[in-house]
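Read the structure below first, then the notes.
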Amino acid sequence: MTVFLVAAFLIVHGLLHIGVWTAPQQPGTSSPFDPGHSWALASLHVLPSPARATALAAAWYTAVVYVIAGAVACTWPASVH
């Protein structure tokens with residue numbers, strides 16, 4: 001049961017990454033979260049458009065890794081537990 005809960009958490013967490021990072025921004029309103037504004041990339045003088053693309057690529061990669069980790073946790077051999 002614990003393995004299922006951990007696997008479900010990892011999969012849902014990965015899918016939530018996509019929702020948070022790819023949510024559309026309303027024009028004319030300030031958003032509490034902007035993937036185009038990264039303090040790490042801004043310190044390297046990266047413009048907002050490439051910073052947004054980099055942030056979205058990292059979010060998709062992270063989501064895929066979480067979903068794969070959850071799927072592997074579901075199929076992990078019972079003898080290892």
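FYI, nothing fancy with the structure tokens labels: chains A, B, ... in order, residues from 1 per chain, ligands from 1 as they appear.
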
Practice task
Would you mind listing what lies within 12 Å of A:Val72 as an NGL selection string, with only C-alpha atoms counted and same-chain residues fewer than 6 positions away left out?
Solution key: :A and (3-4 or 6-8 or 10-11 or 65-66)

Could you save the residues just selected, with N, CA, C and O atoms, as an mmCIF file, in the first residue's frame?
data_model
loop_
_atom_site.group_PDB
_atom_site.id
_atom_site.type_symbol
_atom_site.label_atom_id
_atom_site.label_comp_id
_atom_site.auth_asym_id
_atom_site.auth_seq_id
_atom_site.Cartn_x
_atom_site.Cartn_y
_atom_site.Cartn_z
ATOM 1 N N VAL A 3 3.856 1.561 -1.193
ATOM 2 C CA VAL A 3 4.489 1.688 -2.509
ATOM 3 C C VAL A 3 3.520 2.349 -3.486
ATOM 4 O O VAL A 3 3.901 3.228 -4.261
ATOM 5 N N PHE A 4 2.257 1.941 -3.419
ATOM 6 C CA PHE A 4 1.255 2.544 -4.304
ATOM 7 C C PHE A 4 1.093 4.039 -4.013
ATOM 8 O O PHE A 4 0.994 4.846 -4.934
ATOM 9 N N VAL A 6 3.293 6.117 -2.672
ATOM 10 C CA VAL A 6 4.494 6.831 -3.126
ATOM 11 C C VAL A 6 4.487 6.964 -4.643
ATOM 12 O O VAL A 6 4.776 8.031 -5.191
ATOM 13 N N ALA A 7 4.137 5.880 -5.323
ATOM 14 C CA ALA A 7 4.086 5.921 -6.787
ATOM 15 C C ALA A 7 3.041 6.915 -7.269
ATOM 16 O O ALA A 7 3.300 7.708 -8.186
ATOM 17 N N ALA A 8 1.864 6.914 -6.648
ATOM 18 C CA ALA A 8 0.810 7.855 -7.032
ATOM 19 C C ALA A 8 1.247 9.295 -6.767
ATOM 20 O O ALA A 8 1.004 10.185 -7.590
ATOM 21 N N LEU A 10 4.324 10.486 -6.782
ATOM 22 C CA LEU A 10 5.321 10.869 -7.779
ATOM 23 C C LEU A 10 4.672 11.193 -9.125
ATOM 24 O O LEU A 10 5.025 12.180 -9.778
ATOM 25 N N ILE A 11 3.721 10.372 -9.533
ATOM 26 C CA ILE A 11 3.065 10.593 -10.822
ATOM 27 C C ILE A 11 2.244 11.876 -10.796
ATOM 28 O O ILE A 11 2.338 12.709 -11.706
ATOM 29 N N VAL A 65 10.506 12.732 -15.598
ATOM 30 C CA VAL A 65 11.294 11.954 -14.635
ATOM 31 C C VAL A 65 10.428 11.517 -13.450
ATOM 32 O O VAL A 65 10.517 10.371 -13.002
ATOM 33 N N TYR A 66 9.579 12.405 -12.949
ATOM 34 C CA TYR A 66 8.683 12.043 -11.845
ATOM 35 C C TYR A 66 7.716 10.935 -12.251
ATOM 36 O O TYR A 66 7.470 9.996 -11.496
#

Practice task
Mind listing the helix (DSSP H, G or I) residues of chain A, per DSSP on the backbone, as a ChimeraX atom specification?
Solution key: /A:2-21,39-43,48-75,78-80

Practice task
Have a look at A:Leu56, A:Phe9, A:Met1, A:Thr22 and name the one nearest to A:Ala71; count only C-alpha atoms.
Solution key: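 The closest residue to A:Ala71 is A:Phe9.
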
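Distance annotation: of A:Thr2, A:Ser38, A:Thr62, A:Ser31, the residue with the minimal separation from A:Cys74 is A:Thr2; atom set is only C-alpha atoms.
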
Practice task
Name the closest residue to A:Trp39 among the candidates A:Ala55, A:Val20, A:Val12, A:Ala73; distances are taken between atoms, counting only C-alpha atoms.
Solution key: A:Ala55

Exercise for the section: Skip A:Ala51 itself and residues of its chain fewer than 5 positions away, then list as JSON, numbers by chain all residues within 12 Å of it, counting only C-alpha atoms. Expected result: {"A": [34, 35, 36, 37, 38, 39, 40, 41, 42, 43, 44, 45, 46, 56, 57, 58]}

Practice task
Report the distance between atom CA of A:Trp60 and atom CA of A:Leu5 in Å, rounded to one decimal place.
Solution key: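 If I compute the distance from atom CA of A:Trp60 to atom CA of A:Leu5, I get 22.5 Å.
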
Practice task
Choose the residue, out of A:Pro32, A:Pro27, A:Gly14, A:Pro77, that has the smallest atom-to-atom separation from A:Ala59; count only C-alpha atoms.
Solution key: A:Gly14

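Relative to atom CA of A:Ala63, atom CA of A:His13 is found at 7.6 Å.
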